[in-house]
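First up is the structure itself, then whatever we jot down about it.
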Amino acid sequence: MYKTLLTAIITVWFACSAYAQQKFTISGYIKDASNGETLIGANIFIKELASGVSSNEYGFYSISIPEGSYQLEYSYLGYQTVVRDVALTENITINVEFDPEDIQIEEIVIAAEAKDRNVSDLEMSANTMDIQTIQKMPTLLGEVEVLRSIQLLPGVSSVGEGASGFNVRGGSIDQNLVLLDEAPVYNSSHLFGFFSVFNPDAVKDIKLLKGGIPARYGGRLSSILDVRMKEGNNKKFAMNGGIGAIFSRLSIEAPIVKDKSSFIVAGRRSYIDILAKPFLNEELEDSALNFYDLTIKTNYKFSEKDRIYLSGYVGRDNFGFGDQAGFNWGNRTLTFRWNHLFSDRLFSNLTLYTSDYDYRINFGDEADNKFDWDASIINYSAKPEFSLFLSPTNLVRFGGQFIAYRFEPGNAIGVSEGEVLDISVDNKYALEGGLFFENEIDFNPNFSINYGLRWSYFNFTGKGLAYTFDDAPPGTRRPLVESTFFDQWESIKQHNNFEPRLSVKAQLNPSQSIKASYNRMAQYIHLISNTTASTPVDIWQPSTNNLRPQIADQLALGYFQNFQNNSYEFSTEVYYKKYTNLLDYIDGADILLNELLEGDLLDGIGRSYGVEFMLEKKEGPLTGWLSYTLARSERKIEGINNGEWYPSRFDQTHNLSITGFYELNDRWTFSSNFVLVSGTPTTFPTNRFLQQGFVIPHNAFESRNNVRIPVYHRLDISATLQGKKNKERRWQSEWVFSIYNVYSKRNPFSIFFRQKENRRTEAVRLSVIGNFIPSVSYNFKF
Amino acid sequence: MSIIKMDWKKLSALSFIICVLLTSCEDVIDLELEEGSSALVVDAWVNDLPQNQEIYIRRSQPYFDNSNPPAITDAVVSVIRDDGLRFDFVHQGDGRYVWQAQGDSLGVVGNSYQLEIQVDGELFSAQTEIFRVPVIDSIGVEFRENELFFDDGLYAQFYARDFEGRGDTYWIKSYKNDSLLDKTQEINLAFDAGFDAGTGIDGLVFIPPVRELVNPLDEDLLSVPYEAGDRLRVEIHSISNEAFNFMEIARDQINNGDNGIFSIPLANTRTNVTGQNGSDVLGFFNVAAITSLSAVIEE
């Protein structure tokens, strides 16, 4: 494998130098003139060649073309197009700064090439959303929500309100790689699942990849959610803030050295504890119930060739009950990035990051009687990546990644009457690596291909005990046979996988195209969770000598069409996914503080398939989209459902959402969304029996997920009132009025069964949101 | 799931409730359930005390059927000890079969047993043995105030030390003024001195949440204090590992509704009874050794 990769790289290098004599390169960065933020995915179109490129995640672009005179059109939706005439006789740098459009959106004339991305881009199964769109959507309690927004896209769903994470194309929540400035975020939710950890004031752009995932990404089966933070205004001081029912937010950005360096600091804090106080009894009066997050980012441009970024995030949810008990959890990430131009054609980025998630639970306030429990996952990573712009139609990327993990599944110490009891689970260690090569070629404007290969590697190491288990009947606990001690970083079990990736686009005409993709993904770390909604105490676990890496293969085929001069975009995709080594749990599994957890795990196979439709209206006072998914997600695991196929917990047959925005005038904007989703599957008992006076539920068919909870539907609306438009004034503000769940639908999250007095059994519908929830928030900009 | 885990669940459920204080709701609903065939149910939890022993033979019923379960009145029920001694259980009505003790008992720790039930020409059987059980050293009572999950008042704990060696399993039963604490959340199981096999708490005094579950719980699962003069009896029943698994799954299932959005999937208990012809059978056979201690609550 190394050889193949090396050969490929060398070949490319030679090719590169061979061509270099005849060609010159135009390269540079693309930015927003008002605040200096780099723009991702801006289009650069060369009229004479009828081809173009777009700026990368760092706003960089590079085109190598033969000597000559060219007209270059730089365009980006919502910004005025910039045209440059170039007489190309040497390598040149053109940095472009776009001015945001002031005129009404329908009057904008932008090069068609910028607007037909739906059809012309090679990428499929991908959605990008800018923060402006997210900010316009109706909210729960006035809070702009990144993760709730993406659930309005086809193929993305959730098991219900308050559940953390999201499900993509029938995958579980831990199969999404959520990246915040390239660092993985292990728990993307605040307050269980009501809010995401991303502060909208600090987010520049989000991108979700559900399929056709290029080789540069790896490590999770279902999707990549790439969240990019703002760099901070490097032109002038700016402040953003908001006051809502749940949080207050404030962000400050400013240049440190004008045009060279800037920073952004954005923070949020909730004040539920203050609001909840009147409802709490005396005992809980001193309760802390809050969460906060802080996002910091700074960058420095040393020269046209070197630029560094440093970004950090810290967020925490904090529940404290007097001094009697506490429960808190949170993520931290720190990312350092260095963009370096080896030449105007070879762009490189080196990312170093550390990310961790941890939680802490404690009971008792006396030294002699207490219980402390914490757990975490910590990782350190280095990720060099290179982009080689061979020609406007040939882009090569290669690089690698190295990750070192420390898992602390549970440090738990109880002290009872002075007697100390340590029930900690040993730490686990692992190393993960990856190498990739990727080549994107436009053979002609109508046919493009991106092929690549990723080789991933995982090494489960000491220090610690490796356990060997005996076989057991399907679905029951496997007994321990022996345990063997390994030293620090001594290899216990190695895994590796080749992950081929391929995307193809065939454009039928300027407004129609067909795209297809295949990807294989491998996942080496797993979130251990057997509850309906994942809890903050669920732990991450590495692949081991007992637990194999999860693998998924996905095939997708799509048809893309734009109408009426690209003002409407339509896409439909069908996909089929096959999974191996999916995780499940024996009945009665102990997943917490269990040294022998691996004996309680089951593995099996899965499949999901579906068809997705999306129709989006992009222009005019009324914009929005309609998304519909028809899908199936199934599992087959020995020991569950008699070993037969059964629908997964997040299987949703139909998923429809309609999102609309209407700009009435300069000051009023309205938006609404409606969702209609099939009930998720659950398991109901069929019978009951008595045992020692207790009524025990029983499913006579031994089936799993044999019924569905009722259909879920909900309508949300919101109205935004902008302050009086006054160009001269720097202070700008808006009021946002929202109603979540307008018609007070009591949507079931789940249905559970309980026994009351006299052994009476009943079914209970649990609705997390049982009413409409109005809210008002105030946002300002300075 | 264990009790400390239940405590964290309480904590998170409480946190969660506060979050959605004004909007979350639970409604009892009518539901049609699939109907499964009725199975034979063996409810055979007997013990080593020199007193009458009872076994119930009934059938399972549709989940929402709140009537008394159908009783099997014509079964032939006996327990056979490893030395060949046979204890016959005689039907007394409503599926209740009783062995009359005459100063004797089923046996002692170390004896093993076979349960035999003849129903409609089919023989159902199960095996088990009597496992060791530690003595209860004492019951302590203290006045507790300003504690989370405890109203101010008198609370008891029992003290007993688990045996060295992993894999002892127990069911602790508590009686307040001679009535059993029989709320589903009051089911008190121990694996060694802790909650479950995985934690490996072995050979120690039972950990506090196990010790404290001798205090009754109210509707909101808060402990209810004892009054001075109340009587408390604590019994430790030794149960087999399979019986522990059975009751652990049963308890987690019965109380699953307390978990809100963090509920676990429905799981069936695993019986240790098998039918000769493979007919459906549910329930469990266990012979426990029991130790107990009583105390009168004093301030």
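Residue names in the structure tokens use chain letters A, B, ... in the order shown, residue numbers from 1 in each chain, and ligand numbers from 1 in the order shown.
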Just the strand (DSSP E) stuff from region 187-267 of chain A, please, per backbone DSSP, written as a ChimeraX atom specification. /A:189-190,195-196,203-209,223-229,238-243,247-257,261-267
Atoms to include: N, CA and C atoms. Write the selected residues as a compact mmCIF listing (two decimals), in the first residue's frame.
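And here's result_4.txt as it stands now:
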# COMPACT_ATOMS: atom_id res chain seq x y z
N SER A 189 -24.07 18.12 21.94
CA SER A 189 -25.28 18.71 22.52
C SER A 189 -25.07 19.35 23.87
N HIS A 190 -25.81 20.41 24.07
CA HIS A 190 -25.97 21.01 25.38
C HIS A 190 -27.32 20.55 25.90
N PHE A 195 -29.97 21.76 22.59
CA PHE A 195 -29.19 22.77 21.88
C PHE A 195 -27.86 22.16 21.49
N SER A 196 -27.29 22.70 20.41
CA SER A 196 -26.00 22.17 20.01
C SER A 196 -24.91 23.00 20.67
N VAL A 203 -19.86 30.70 14.16
CA VAL A 203 -19.81 29.75 13.05
C VAL A 203 -19.86 30.49 11.72
N LYS A 204 -18.98 30.09 10.82
CA LYS A 204 -18.97 30.70 9.51
C LYS A 204 -19.81 29.89 8.54
N ASP A 205 -19.66 28.58 8.61
CA ASP A 205 -20.18 27.77 7.53
C ASP A 205 -20.23 26.31 8.00
N ILE A 206 -21.27 25.59 7.62
CA ILE A 206 -21.28 24.16 7.94
C ILE A 206 -21.50 23.36 6.67
N LYS A 207 -20.91 22.19 6.67
CA LYS A 207 -21.05 21.34 5.52
C LYS A 207 -21.29 19.91 5.99
N LEU A 208 -22.30 19.30 5.44
CA LEU A 208 -22.62 17.93 5.82
C LEU A 208 -22.40 17.02 4.62
N LEU A 209 -21.60 16.00 4.81
CA LEU A 209 -21.36 15.01 3.76
C LEU A 209 -22.00 13.70 4.18
N SER A 223 -21.44 10.05 8.30
CA SER A 223 -21.37 11.40 7.75
C SER A 223 -20.22 12.18 8.34
N ILE A 224 -19.93 13.29 7.68
CA ILE A 224 -18.97 14.26 8.17
C ILE A 224 -19.72 15.58 8.31
N LEU A 225 -19.72 16.13 9.49
CA LEU A 225 -20.29 17.47 9.66
C LEU A 225 -19.13 18.39 9.97
N ASP A 226 -18.81 19.22 8.97
CA ASP A 226 -17.62 20.06 9.06
C ASP A 226 -18.07 21.48 9.42
N VAL A 227 -17.80 21.86 10.65
CA VAL A 227 -18.20 23.19 11.11
C VAL A 227 -16.96 24.07 11.13
N ARG A 228 -17.03 25.18 10.39
CA ARG A 228 -15.88 26.10 10.34
C ARG A 228 -16.20 27.36 11.12
N MET A 229 -15.29 27.75 11.97
CA MET A 229 -15.51 28.96 12.74
C MET A 229 -15.01 30.18 11.99
N ALA A 238 -15.86 44.60 15.88
CA ALA A 238 -17.29 44.31 15.71
C ALA A 238 -17.78 43.52 16.91
N MET A 239 -19.02 43.75 17.23
CA MET A 239 -19.60 43.06 18.37
C MET A 239 -20.96 42.52 17.96
N ASN A 240 -21.28 41.31 18.41
CA ASN A 240 -22.56 40.70 18.14
C ASN A 240 -23.11 40.21 19.46
N GLY A 241 -24.39 40.27 19.59
CA GLY A 241 -24.90 39.72 20.84
C GLY A 241 -26.37 39.43 20.74
N GLY A 242 -26.88 38.78 21.75
CA GLY A 242 -28.30 38.47 21.76
C GLY A 242 -28.76 38.14 23.16
N ILE A 243 -30.01 38.41 23.38
CA ILE A 243 -30.62 38.07 24.66
C ILE A 243 -31.85 37.24 24.35
N PHE A 247 -30.53 31.64 26.64
CA PHE A 247 -29.14 32.09 26.70
C PHE A 247 -29.06 33.59 26.53
N SER A 248 -27.88 34.10 26.89
CA SER A 248 -27.43 35.37 26.34
C SER A 248 -26.12 35.08 25.63
N ARG A 249 -25.91 35.81 24.56
CA ARG A 249 -24.69 35.59 23.78
C ARG A 249 -23.96 36.90 23.59
N LEU A 250 -22.67 36.80 23.47
CA LEU A 250 -21.89 37.98 23.14
C LEU A 250 -20.65 37.53 22.39
N SER A 251 -20.36 38.21 21.30
CA SER A 251 -19.11 37.91 20.63
C SER A 251 -18.43 39.21 20.24
N ILE A 252 -17.12 39.16 20.29
CA ILE A 252 -16.32 40.34 19.97
C ILE A 252 -15.28 39.90 18.96
N GLU A 253 -15.12 40.66 17.90
CA GLU A 253 -14.06 40.35 16.95
C GLU A 253 -13.37 41.65 16.55
N ALA A 254 -12.12 41.53 16.28
CA ALA A 254 -11.37 42.74 15.94
C ALA A 254 -10.04 42.37 15.32
N PRO A 255 -9.47 43.29 14.56
CA PRO A 255 -8.12 43.05 14.06
C PRO A 255 -7.11 43.21 15.20
N ILE A 256 -6.06 42.43 15.14
CA ILE A 256 -4.95 42.65 16.08
C ILE A 256 -3.92 43.49 15.34
N VAL A 257 -3.55 43.02 14.15
CA VAL A 257 -2.76 43.83 13.23
C VAL A 257 -3.60 43.87 11.96
N SER A 261 -3.89 40.00 11.14
CA SER A 261 -4.20 39.19 12.31
C SER A 261 -5.49 39.69 12.94
N SER A 262 -6.29 38.74 13.39
CA SER A 262 -7.54 39.13 14.03
C SER A 262 -7.93 38.08 15.04
N PHE A 263 -8.96 38.36 15.80
CA PHE A 263 -9.43 37.36 16.75
C PHE A 263 -10.94 37.45 16.87
N ILE A 264 -11.52 36.38 17.37
CA ILE A 264 -12.93 36.40 17.75
C ILE A 264 -13.06 35.66 19.08
N VAL A 265 -13.86 36.23 19.95
CA VAL A 265 -14.19 35.57 21.21
C VAL A 265 -15.70 35.56 21.28
N ALA A 266 -16.28 34.39 21.44
CA ALA A 266 -17.74 34.31 21.48
C ALA A 266 -18.16 33.45 22.65
N GLY A 267 -19.08 33.94 23.43
CA GLY A 267 -19.50 33.17 24.60
C GLY A 267 -21.01 33.16 24.73
Can you tell me which residues surround Gln185 (chain B) at a distance of at most 10 Å, considering only C-alpha atoms, apart from same-chain residues fewer than 5 positions away, and format the answer as number ranges by chain? B: 3, 6, 213, 216-219, 221, 251-252, 254-255, 258
Report as CSV: every residue of chain A with an atom at most 7 Å from chain B, its closest pair of atoms, and their distance in Å to one decimal, counting only C-alpha atoms, with rows sorted by chain and ascending residue number.
residue,atom,partner,partner_atom,distance
A:Ala276,CA,B:Ile18,CA,7.0
A:Glu283,CA,B:Asn146,CA,6.8
A:Phe319,CA,B:Ser15,CA,6.9
A:Gln324,CA,B:Leu148,CA,6.0
A:Ser416,CA,B:Pro208,CA,6.7
A:Ile423,CA,B:Thr199,CA,5.7
A:Asn530,CA,B:Ile264,CA,6.1
A:Thr531,CA,B:Ile264,CA,4.5
A:Thr532,CA,B:Phe262,CA,5.5
A:Ala533,CA,B:Phe262,CA,5.4
A:Ser534,CA,B:Phe262,CA,6.9
A:Thr535,CA,B:Phe262,CA,6.7
A:Asp587,CA,B:Ala267,CA,5.6
A:Gly588,CA,B:Ile249,CA,5.3
A:Asp590,CA,B:Met1,CA,6.0
A:Leu593,CA,B:Thr199,CA,6.0
A:Asn594,CA,B:Gly198,CA,4.0
A:Glu595,CA,B:Gly198,CA,5.3
A:Leu596,CA,B:Gly198,CA,5.6
A:Thr683,CA,B:Leu266,CA,5.8
A:Pro685,CA,B:Tyr63,CA,6.7
A:Thr686,CA,B:Glu35,CA,5.4
A:Asn687,CA,B:Tyr63,CA,4.1
A:Arg688,CA,B:Tyr63,CA,4.8
A:Phe689,CA,B:Ser60,CA,4.7
A:Gln691,CA,B:Asp43,CA,5.5
A:Gln692,CA,B:Asp43,CA,6.7
A:Ile696,CA,B:Ala250,CA,6.1
A:Pro697,CA,B:Tyr63,CA,6.9
A:His698,CA,B:Asn268,CA,5.6
A:Asn699,CA,B:Asn268,CA,6.6
A:Ala700,CA,B:Gly36,CA,5.1
A:Phe701,CA,B:Gly36,CA,6.9
A:Phe752,CA,B:Gly257,CA,5.5
A:Phe753,CA,B:Gly257,CA,6.4
A:Arg754,CA,B:Ile254,CA,6.2
A:Arg760,CA,B:Asn66,CA,5.5
A:Thr761,CA,B:Phe64,CA,5.9
A:Glu762,CA,B:Phe64,CA,6.7
A:Ala763,CA,B:Val28,CA,5.8
A:Val764,CA,B:Val28,CA,4.4
A:Arg765,CA,B:Asp27,CA,5.2
A:Leu766,CA,B:Glu26,CA,4.7
A:Ser767,CA,B:Cys25,CA,5.3
A:Val768,CA,B:Ser24,CA,4.4
A:Ile769,CA,B:Ser24,CA,5.0
A:Gly770,CA,B:Thr23,CA,5.0
A:Asn771,CA,B:Thr23,CA,5.7
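Counting only C-alpha atoms and comparing A:Glu499, A:Gly418, A:Pro536, A:Glu598, the residue that lies closest to Lys370 (chain A) is A:Gly418.
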For region 612-615 of chain A, find every residue with an atom within 6 Å (counting only C-alpha atoms), except residues of its own chain fewer than 2 positions away, and show them as an mmCIF file with N, CA, C and O atoms, in the first residue's frame.
data_model
loop_
_atom_site.group_PDB
_atom_site.id
_atom_site.type_symbol
_atom_site.label_atom_id
_atom_site.label_comp_id
_atom_site.auth_asym_id
_atom_site.auth_seq_id
_atom_site.Cartn_x
_atom_site.Cartn_y
_atom_site.Cartn_z
ATOM 1 N N PRO A 154 -32.693 16.363 3.609
ATOM 2 C CA PRO A 154 -33.025 14.963 3.354
ATOM 3 C C PRO A 154 -31.975 14.015 3.939
ATOM 4 O O PRO A 154 -30.790 14.332 3.932
ATOM 5 N N GLU A 569 -33.582 24.669 -7.520
ATOM 6 C CA GLU A 569 -32.673 23.521 -7.589
ATOM 7 C C GLU A 569 -33.435 22.280 -7.186
ATOM 8 O O GLU A 569 -34.173 22.284 -6.198
ATOM 9 N N PHE A 570 -33.228 21.229 -7.946
ATOM 10 C CA PHE A 570 -33.872 19.976 -7.608
ATOM 11 C C PHE A 570 -32.818 18.890 -7.557
ATOM 12 O O PHE A 570 -31.900 18.864 -8.376
ATOM 13 N N SER A 571 -32.942 18.013 -6.591
ATOM 14 C CA SER A 571 -32.047 16.862 -6.605
ATOM 15 C C SER A 571 -32.768 15.652 -6.041
ATOM 16 O O SER A 571 -33.646 15.778 -5.188
ATOM 17 N N THR A 572 -32.401 14.526 -6.549
ATOM 18 C CA THR A 572 -32.901 13.276 -5.970
ATOM 19 C C THR A 572 -31.763 12.268 -5.954
ATOM 20 O O THR A 572 -30.944 12.231 -6.867
ATOM 21 N N GLU A 573 -31.712 11.514 -4.878
ATOM 22 C CA GLU A 573 -30.635 10.527 -4.771
ATOM 23 C C GLU A 573 -31.202 9.226 -4.231
ATOM 24 O O GLU A 573 -32.105 9.241 -3.395
ATOM 25 N N TRP A 625 -37.105 25.456 1.062
ATOM 26 C CA TRP A 625 -36.957 24.158 0.421
ATOM 27 C C TRP A 625 -37.918 23.131 0.981
ATOM 28 O O TRP A 625 -38.482 23.294 2.054
ATOM 29 N N LEU A 626 -38.069 22.098 0.178
ATOM 30 C CA LEU A 626 -38.899 20.970 0.554
ATOM 31 C C LEU A 626 -38.002 19.751 0.493
ATOM 32 O O LEU A 626 -37.276 19.563 -0.476
ATOM 33 N N SER A 627 -38.054 18.964 1.531
ATOM 34 C CA SER A 627 -37.196 17.792 1.542
ATOM 35 C C SER A 627 -38.026 16.574 1.927
ATOM 36 O O SER A 627 -38.868 16.647 2.823
ATOM 37 N N TYR A 628 -37.822 15.508 1.205
ATOM 38 C CA TYR A 628 -38.557 14.287 1.511
ATOM 39 C C TYR A 628 -37.628 13.091 1.401
ATOM 40 O O TYR A 628 -36.851 12.984 0.457
ATOM 41 N N THR A 629 -37.738 12.215 2.359
ATOM 42 C CA THR A 629 -36.916 10.998 2.361
ATOM 43 C C THR A 629 -37.802 9.782 2.591
ATOM 44 O O THR A 629 -38.637 9.794 3.496
#
What lies within 6 Å of Gly153 (chain B) using only C-alpha atoms, ignoring chain neighbours under 4 positions off, as a list in words? Phe143, Arg144 and Pro225 of chain B
